[in-house]
>>> print(open('start34.pdb').read())   # PDB, C-alpha atoms and all ligand atoms
ATOM      1  CA  MET W   1     -17.067 -33.053 -58.653
ATOM      2  CA  SER W   2     -13.652 -33.840 -57.174
ATOM      3  CA  GLU W   3     -12.479 -31.954 -54.098
ATOM      4  CA  VAL W   4      -9.767 -29.275 -54.585
ATOM      5  CA  ARG W   5      -7.029 -29.775 -52.014
ATOM      6  CA  PRO W   6      -5.197 -26.654 -50.669
ATOM      7  CA  GLU W   7      -1.784 -28.112 -51.585
ATOM      8  CA  ALA W   8      -2.924 -28.397 -55.205
ATOM      9  CA  LEU W   9      -3.724 -24.679 -55.203
ATOM     10  CA  VAL W  10      -0.280 -23.864 -53.787
ATOM     11  CA  ALA W  11       1.379 -26.029 -56.435
ATOM     12  CA  ALA W  12      -0.636 -24.217 -59.108
ATOM     13  CA  ALA W  13       0.298 -20.740 -57.874
ATOM     14  CA  PRO W  14       2.218 -18.868 -60.568
ATOM     15  CA  ALA W  15       5.917 -18.435 -59.791
ATOM     16  CA  GLU W  16       5.457 -14.667 -59.888
ATOM     17  CA  ALA W  17       2.840 -14.792 -57.111
ATOM     18  CA  LEU W  18       4.008 -13.240 -53.843
ATOM     19  CA  VAL W  19       4.010 -15.628 -50.895
ATOM     20  CA  PRO W  20       5.140 -14.958 -47.319
ATOM     21  CA  ALA W  21       8.822 -15.806 -46.926
ATOM     22  CA  VAL W  22       9.603 -18.302 -44.159
ATOM     23  CA  PRO W  23      12.955 -19.754 -42.990
ATOM     24  CA  ALA W  24      12.347 -22.771 -45.261
ATOM     25  CA  HIS W  25      12.718 -20.359 -48.218
ATOM     26  CA  GLY W  26      16.314 -19.676 -47.093
ATOM     27  CA  ALA W  27      17.941 -21.353 -50.098
ATOM     28  CA  ALA W  28      15.656 -19.623 -52.638
ATOM     29  CA  LEU W  29      16.153 -16.254 -50.920
ATOM     30  CA  ALA W  30      19.940 -16.699 -50.924
ATOM     31  CA  LEU W  31      19.943 -17.655 -54.618
ATOM     32  CA  ILE W  32      17.980 -14.552 -55.604
ATOM     33  CA  HIS W  33      20.191 -12.365 -53.409
ATOM     34  CA  ALA W  34      23.369 -13.864 -54.908
ATOM     35  CA  ALA W  35      22.112 -13.039 -58.412
ATOM     36  CA  CYS W  36      21.675  -9.388 -57.434
ATOM     37  CA  PHE W  37      24.561  -8.342 -55.184
ATOM     38  CA  PRO W  38      28.373  -8.544 -55.408
ATOM     39  CA  PRO W  39      30.031 -11.409 -53.498
ATOM     40  CA  GLU W  40      30.990  -9.229 -50.522
ATOM     41  CA  GLY W  41      27.362  -8.105 -50.090
ATOM     42  CA  ARG W  42      25.602 -11.456 -50.415
ATOM     43  CA  TRP W  43      23.597 -13.085 -47.649
ATOM     44  CA  GLY W  44      23.747 -16.870 -47.475
ATOM     45  CA  LEU W  45      21.070 -19.312 -46.409
ATOM     46  CA  ASP W  46      21.868 -18.971 -42.686
ATOM     47  CA  ALA W  47      21.819 -15.163 -42.868
ATOM     48  CA  MET W  48      18.390 -15.282 -44.512
ATOM     49  CA  ALA W  49      16.979 -17.538 -41.806
ATOM     50  CA  LEU W  50      18.502 -15.323 -39.085
ATOM     51  CA  GLN W  51      17.001 -12.173 -40.643
ATOM     52  CA  LEU W  52      13.566 -13.796 -40.758
ATOM     53  CA  GLU W  53      13.868 -14.756 -37.106
ATOM     54  CA  LEU W  54      14.522 -11.174 -35.935
ATOM     55  CA  PRO W  55      11.675  -9.754 -33.834
ATOM     56  CA  GLY W  56       9.155  -8.100 -36.144
ATOM     57  CA  ALA W  57      10.724  -9.497 -39.321
ATOM     58  CA  PHE W  58       8.693 -10.541 -42.341
ATOM     59  CA  GLY W  59       9.284 -11.143 -46.007
ATOM     60  CA  TRP W  60       7.684 -11.844 -49.357
ATOM     61  CA  ILE W  61       9.078 -13.989 -52.139
ATOM     62  CA  ALA W  62       8.156 -14.609 -55.767
ATOM     63  CA  GLU W  63       9.863 -17.882 -56.507
ATOM     64  CA  ALA W  64      10.377 -16.755 -60.106
ATOM     65  CA  GLY W  65      13.097 -14.477 -58.743
ATOM     66  CA  GLY W  66      12.116 -11.666 -56.398
ATOM     67  CA  MET W  67      12.251 -11.117 -52.665
ATOM     68  CA  VAL W  68      11.916  -8.500 -49.967
ATOM     69  CA  LEU W  69      12.762  -8.791 -46.266
ATOM     70  CA  ALA W  70      11.613  -6.124 -43.835
ATOM     71  CA  ARG W  71      11.096  -5.528 -40.160
ATOM     72  CA  THR W  72       8.770  -3.507 -37.957
ATOM     73  CA  VAL W  73       9.755  -2.169 -34.547
ATOM     74  CA  ALA W  74       7.012  -0.183 -32.802
ATOM     75  CA  ASP W  75       5.746   2.363 -35.358
ATOM     76  CA  GLU W  76       8.789   2.171 -37.642
ATOM     77  CA  ALA W  77       9.520  -0.273 -40.441
ATOM     78  CA  GLU W  78      12.769  -0.962 -42.253
ATOM     79  CA  ILE W  79      13.513  -2.663 -45.559
ATOM     80  CA  LEU W  80      16.336  -5.130 -44.853
ATOM     81  CA  THR W  81      16.847  -6.170 -48.456
ATOM     82  CA  LEU W  82      14.992  -6.154 -51.772
ATOM     83  CA  ALA W  83      16.142  -7.905 -54.933
ATOM     84  CA  VAL W  84      14.830  -9.046 -58.298
ATOM     85  CA  ALA W  85      16.890 -11.469 -60.392
ATOM     86  CA  PRO W  86      18.200  -9.931 -63.635
ATOM     87  CA  ALA W  87      15.998 -12.093 -65.882
ATOM     88  CA  MET W  88      12.860 -10.859 -64.080
ATOM     89  CA  ARG W  89      13.578  -7.126 -64.037
ATOM     90  CA  ARG W  90      11.531  -4.283 -65.522
ATOM     91  CA  ARG W  91       8.239  -6.181 -65.180
ATOM     92  CA  GLY W  92       7.016  -4.424 -62.063
ATOM     93  CA  LEU W  93       8.033  -7.193 -59.653
ATOM     94  CA  ALA W  94      10.091  -4.968 -57.313
ATOM     95  CA  GLY W  95       7.228  -2.486 -57.250
ATOM     96  CA  ARG W  96       4.798  -5.225 -56.223
ATOM     97  CA  LEU W  97       7.185  -6.519 -53.555
ATOM     98  CA  LEU W  98       7.705  -3.028 -52.150
ATOM     99  CA  ASP W  99       3.975  -2.252 -52.197
ATOM    100  CA  ARG W 100       3.299  -5.502 -50.345
ATOM    101  CA  ALA W 101       6.024  -4.804 -47.772
ATOM    102  CA  MET W 102       4.672  -1.293 -47.180
ATOM    103  CA  ALA W 103       1.120  -2.623 -46.773
ATOM    104  CA  THR W 104       2.284  -5.366 -44.395
ATOM    105  CA  ALA W 105       4.256  -2.881 -42.296
ATOM    106  CA  ARG W 106       1.266  -0.530 -42.145
ATOM    107  CA  ALA W 107      -1.004  -3.398 -41.107
ATOM    108  CA  ARG W 108       1.469  -4.184 -38.294
ATOM    109  CA  GLY W 109       1.228  -0.635 -36.983
ATOM    110  CA  ALA W 110       4.180   1.095 -38.639
ATOM    111  CA  ALA W 111       3.677   4.708 -39.700
ATOM    112  CA  ILE W 112       6.982   5.216 -41.503
ATOM    113  CA  MET W 113       9.434   3.076 -43.451
ATOM    114  CA  LEU W 114      13.201   3.575 -43.675
ATOM    115  CA  LEU W 115      15.857   1.985 -45.858
ATOM    116  CA  GLU W 116      19.403   2.420 -47.154
ATOM    117  CA  VAL W 117      20.268   2.561 -50.845
ATOM    118  CA  GLY W 118      23.619   3.026 -52.562
ATOM    119  CA  VAL W 119      24.320   6.548 -53.790
ATOM    120  CA  ALA W 120      25.114   5.098 -57.245
ATOM    121  CA  ASN W 121      22.123   2.715 -57.388
ATOM    122  CA  ALA W 122      19.962   4.678 -59.839
ATOM    123  CA  PRO W 123      17.422   1.872 -60.570
ATOM    124  CA  ALA W 124      16.631   1.334 -56.876
ATOM    125  CA  GLN W 125      16.525   5.067 -56.186
ATOM    126  CA  ALA W 126      13.980   5.488 -59.012
ATOM    127  CA  LEU W 127      11.901   2.636 -57.614
ATOM    128  CA  TYR W 128      11.836   4.174 -54.136
ATOM    129  CA  ALA W 129      11.214   7.727 -55.363
ATOM    130  CA  GLY W 130       8.153   6.404 -57.200
ATOM    131  CA  ARG W 131       6.791   5.116 -53.870
ATOM    132  CA  GLY W 132       7.284   8.408 -52.042
ATOM    133  CA  PHE W 133      10.649   7.785 -50.380
ATOM    134  CA  LEU W 134      12.733  10.898 -49.729
ATOM    135  CA  PRO W 135      16.372  11.188 -48.579
ATOM    136  CA  VAL W 136      16.807  12.019 -44.884
ATOM    137  CA  GLY W 137      20.493  11.226 -44.365
ATOM    138  CA  ARG W 138      23.648   9.586 -45.613
ATOM    139  CA  ARG W 139      25.863   6.828 -44.188
ATOM    140  CA  ARG W 140      29.494   7.162 -45.292
ATOM    141  CA  GLY W 141      31.195   3.931 -46.455
ATOM    142  CA  TYR W 142      28.090   1.908 -45.582
ATOM    143  CA  TYR W 143      28.620  -0.882 -48.132
ATOM    144  CA  ALA W 144      31.442  -3.434 -48.154
ATOM    145  CA  GLY W 145      32.954  -1.878 -51.292
ATOM    146  CA  GLY W 146      33.049   1.546 -49.602
ATOM    147  CA  GLU W 147      30.016   3.108 -51.340
ATOM    148  CA  ASP W 148      27.982   5.578 -49.285
ATOM    149  CA  ALA W 149      24.303   4.899 -48.627
ATOM    150  CA  LEU W 150      21.423   7.332 -48.686
ATOM    151  CA  ILE W 151      18.869   6.858 -45.924
ATOM    152  CA  LEU W 152      15.372   7.117 -47.416
ATOM    153  CA  ARG W 153      12.118   7.541 -45.559
ATOM    154  CA  ALA W 154       8.454   7.232 -46.569
ATOM    155  CA  SER W 155       5.200   7.689 -44.695
ATOM    156  CA  LEU W 156       2.934   4.684 -44.747
ATOM    157  CA  PRO W 157      -0.519   5.992 -45.596
ATOM    158  CA  GLU W 158      -3.519   4.890 -43.578
ATOM    159  CA  VAL W 159      -5.787   2.547 -45.500
ATOM    160  CA  PRO W 160      -9.299   4.029 -45.396
ATOM    161  CA  PRO W 161     -11.917   1.746 -43.825
ATOM    162  CA  CYS W 162     -14.250  -0.057 -46.246
ATOM    163  CA  GLY W 163     -17.729   1.368 -46.830
TER     164      GLY W 163
HETATM  165  C1  LIG E   1      16.279  -2.251 -58.104
HETATM  166  C2  LIG E   1      15.536  -3.530 -58.502
HETATM  167  C3  LIG E   1      15.007  -4.211 -57.240
HETATM  168  C4  LIG E   1      14.359  -3.156 -59.426
HETATM  169  O1  LIG E   1      13.638  -4.346 -59.739
HETATM  170  P1  LIG E   1      12.582  -4.402 -60.960
HETATM  171  O2  LIG E   1      11.674  -5.562 -60.701
HETATM  172  O3  LIG E   1      13.310  -4.381 -62.247
HETATM  173  O4  LIG E   1      11.795  -3.035 -60.779
HETATM  174  P2  LIG E   1      10.337  -2.702 -61.370
HETATM  175  O5  LIG E   1      10.170  -3.356 -62.695
HETATM  176  O6  LIG E   1       9.311  -3.011 -60.335
HETATM  177  O7  LIG E   1      10.452  -1.150 -61.589
HETATM  178  C5  LIG E   1       9.797  -0.223 -60.726
HETATM  179  C6  LIG E   1      10.400   1.155 -60.981
HETATM  180  O8  LIG E   1      11.778   1.143 -60.577
HETATM  181  C7  LIG E   1      12.533   1.992 -61.459
HETATM  182  N1  LIG E   1      13.535   1.192 -62.147
HETATM  183  C8  LIG E   1      13.694  -0.150 -62.087
HETATM  184  N2  LIG E   1      14.763  -0.524 -62.818
HETATM  185  C9  LIG E   1      15.282   0.606 -63.356
HETATM  186  C10 LIG E   1      16.393   0.866 -64.200
HETATM  187  N3  LIG E   1      17.202  -0.114 -64.637
HETATM  188  N4  LIG E   1      16.658   2.145 -64.537
HETATM  189  C11 LIG E   1      15.877   3.149 -64.094
HETATM  190  N5  LIG E   1      14.787   2.961 -63.300
HETATM  191  C12 LIG E   1      14.501   1.697 -62.935
HETATM  192  C13 LIG E   1      11.546   2.618 -62.413
HETATM  193  O9  LIG E   1      11.073   3.813 -61.834
HETATM  194  C14 LIG E   1      10.438   1.557 -62.418
HETATM  195  O10 LIG E   1       9.196   2.081 -62.779
HETATM  196  P3  LIG E   1       8.767   2.052 -64.350
HETATM  197  O11 LIG E   1       8.924   0.621 -64.795
HETATM  198  O12 LIG E   1       7.355   2.519 -64.319
HETATM  199  O13 LIG E   1       9.727   2.947 -65.062
HETATM  200  C15 LIG E   1      16.481  -4.495 -59.283
HETATM  201  O14 LIG E   1      17.107  -3.788 -60.326
HETATM  202  C16 LIG E   1      17.538  -5.157 -58.412
HETATM  203  O15 LIG E   1      17.305  -6.199 -57.794
HETATM  204  N6  LIG E   1      18.725  -4.556 -58.363
HETATM  205  C17 LIG E   1      19.869  -5.139 -57.586
HETATM  206  C18 LIG E   1      19.578  -5.182 -56.110
HETATM  207  C19 LIG E   1      19.233  -3.821 -55.541
HETATM  208  O16 LIG E   1      19.802  -2.816 -55.920
HETATM  209  N7  LIG E   1      18.277  -3.826 -54.596
HETATM  210  C20 LIG E   1      17.861  -2.628 -53.909
HETATM  211  C21 LIG E   1      18.814  -2.403 -52.762
HETATM  212  S1  LIG E   1      18.345  -0.962 -51.814
END
>>> encode(input="start34.pdb", output="structure tokens", more="lines below")
Ligand SMILES: CC(C)(COP(=O)(O)OP(=O)(O)OC[C@H]1O[C@@H](n2cnc3c(N)ncnc32)[C@H](O)[C@@H]1OP(=O)(O)O)[C@@H](O)C(=O)NCCC(=O)NCCS
Amino acid sequence: MSEVRPEALVAAAPAEALVPAVPAHGAALALIHAACFPPEGRWGLDAMALQLELPGAFGWIAEAGGMVLARTVADEAEILTLAVAPAMRRRGLAGRLLDRAMATARARGAAIMLLEVGVANAPAQALYAGRGFLPVGRRRGYYAGGEDALILRASLPEVPPCG
């Protein structure tokens, strides 16, 4: 029987599989982001690489068109950005990305997660509400277009030990 090489498995991974985002994904991350945010709110390739180089930063990408970047500092985690390309929406991809980010943050020692979301962004608010996020504050004029942001917070539940 022929040997299966690891690179062959990577090549065979479905495009919707979540893989850890690294600076080399900068172009793919920027493309997904550009498909999801207005020009004044887009992060380019360099911004993506810089975000991933922040202390405690991590990310997940589905090369089919979804990404999340997050960061842990001590026992707090923060979602930096989350986006799913229009053609890939309403298939549960954002939910999987958020679940993975929450699990990663918990595994890194975070007990809570915070994020900002536009007051008019009903789809994202529904996504976050479904994962237990609750509003804890508001930032006036937070976005480039002048929209306010809600600050949302969720507890990151302990994963019970096996057995
Ligand atoms: C918000 C966003 C990430 C959702 O991505 P998605 O892959 O379509 O979301 P999912 O399919 O995983 O949906 C998960 C839940 O989110 C909510 N949701 C997603 N899209 C929604 C919509 N258009 N209207 C209402 N609720 C929606 C629902 O509660 C959904 O659960 P359900 O399918 O059981 O009803 C996507 O629309 C997006 O990238 N928007 C632009 C960028 C953005 O706003 N990012 C968040 C910034 S804080």
>>> closest_residue(input="start34.pdb", among="W:Ala64, W:Leu97, W:Ala21, W:Ala15", to="ligand LIG 1 (chain E)", atoms="all atoms listed in the file")
W:Leu97
>>> atom_distance(input="start34.pdb", atom1="CA of Leu45 in chain W", atom2="CA of Leu69 in chain W")
13.4 Å
>>> closest_residue(input="start34.pdb", among="W:Met102, W:Ala49, W:Val119, W:Leu152", to="Phe133 in chain W", atoms="only C-alpha atoms")
W:Leu152
>>> closest_residue(input="start34.pdb", among="W:Val117, W:Val68, W:Leu156, W:Val73", to="Gly141 in chain W", atoms="all atoms listed in the file")
W:Val117
>>> residues_around(input="start34.pdb", residues="His33 in chain W", least_positions_apart="3", cutoff="12 Å", atoms="all atoms listed in the file", output="PDB file with C-alpha atoms, in the frame of the given file")
ATOM      1  CA  GLY W  26      16.314 -19.676 -47.093  1.00  0.00           C
ATOM      2  CA  ALA W  27      17.941 -21.353 -50.098  1.00  0.00           C
ATOM      3  CA  ALA W  28      15.656 -19.623 -52.638  1.00  0.00           C
ATOM      4  CA  LEU W  29      16.153 -16.254 -50.920  1.00  0.00           C
ATOM      5  CA  ALA W  30      19.940 -16.699 -50.924  1.00  0.00           C
ATOM      6  CA  CYS W  36      21.675  -9.388 -57.434  1.00  0.00           C
ATOM      7  CA  PHE W  37      24.561  -8.342 -55.184  1.00  0.00           C
ATOM      8  CA  PRO W  38      28.373  -8.544 -55.408  1.00  0.00           C
ATOM      9  CA  PRO W  39      30.031 -11.409 -53.498  1.00  0.00           C
ATOM     10  CA  GLU W  40      30.990  -9.229 -50.522  1.00  0.00           C
ATOM     11  CA  GLY W  41      27.362  -8.105 -50.090  1.00  0.00           C
ATOM     12  CA  ARG W  42      25.602 -11.456 -50.415  1.00  0.00           C
ATOM     13  CA  TRP W  43      23.597 -13.085 -47.649  1.00  0.00           C
ATOM     14  CA  GLY W  44      23.747 -16.870 -47.475  1.00  0.00           C
ATOM     15  CA  LEU W  45      21.070 -19.312 -46.409  1.00  0.00           C
ATOM     16  CA  ALA W  47      21.819 -15.163 -42.868  1.00  0.00           C
ATOM     17  CA  MET W  48      18.390 -15.282 -44.512  1.00  0.00           C
ATOM     18  CA  ILE W  61       9.078 -13.989 -52.139  1.00  0.00           C
ATOM     19  CA  GLY W  65      13.097 -14.477 -58.743  1.00  0.00           C
ATOM     20  CA  GLY W  66      12.116 -11.666 -56.398  1.00  0.00           C
ATOM     21  CA  MET W  67      12.251 -11.117 -52.665  1.00  0.00           C
ATOM     22  CA  VAL W  68      11.916  -8.500 -49.967  1.00  0.00           C
ATOM     23  CA  LEU W  69      12.762  -8.791 -46.266  1.00  0.00           C
ATOM     24  CA  LEU W  80      16.336  -5.130 -44.853  1.00  0.00           C
ATOM     25  CA  THR W  81      16.847  -6.170 -48.456  1.00  0.00           C
ATOM     26  CA  LEU W  82      14.992  -6.154 -51.772  1.00  0.00           C
ATOM     27  CA  ALA W  83      16.142  -7.905 -54.933  1.00  0.00           C
ATOM     28  CA  VAL W  84      14.830  -9.046 -58.298  1.00  0.00           C
ATOM     29  CA  ALA W  85      16.890 -11.469 -60.392  1.00  0.00           C
ATOM     30  CA  PRO W  86      18.200  -9.931 -63.635  1.00  0.00           C
TER      31      PRO W  86
END
>>> closest_residue(input="start34.pdb", among="W:Ala101, W:Met88, W:Ala144, W:Ala107", to="ligand LIG 1 (chain E)", atoms="only C-alpha atoms and all ligand atoms")
W:Met88
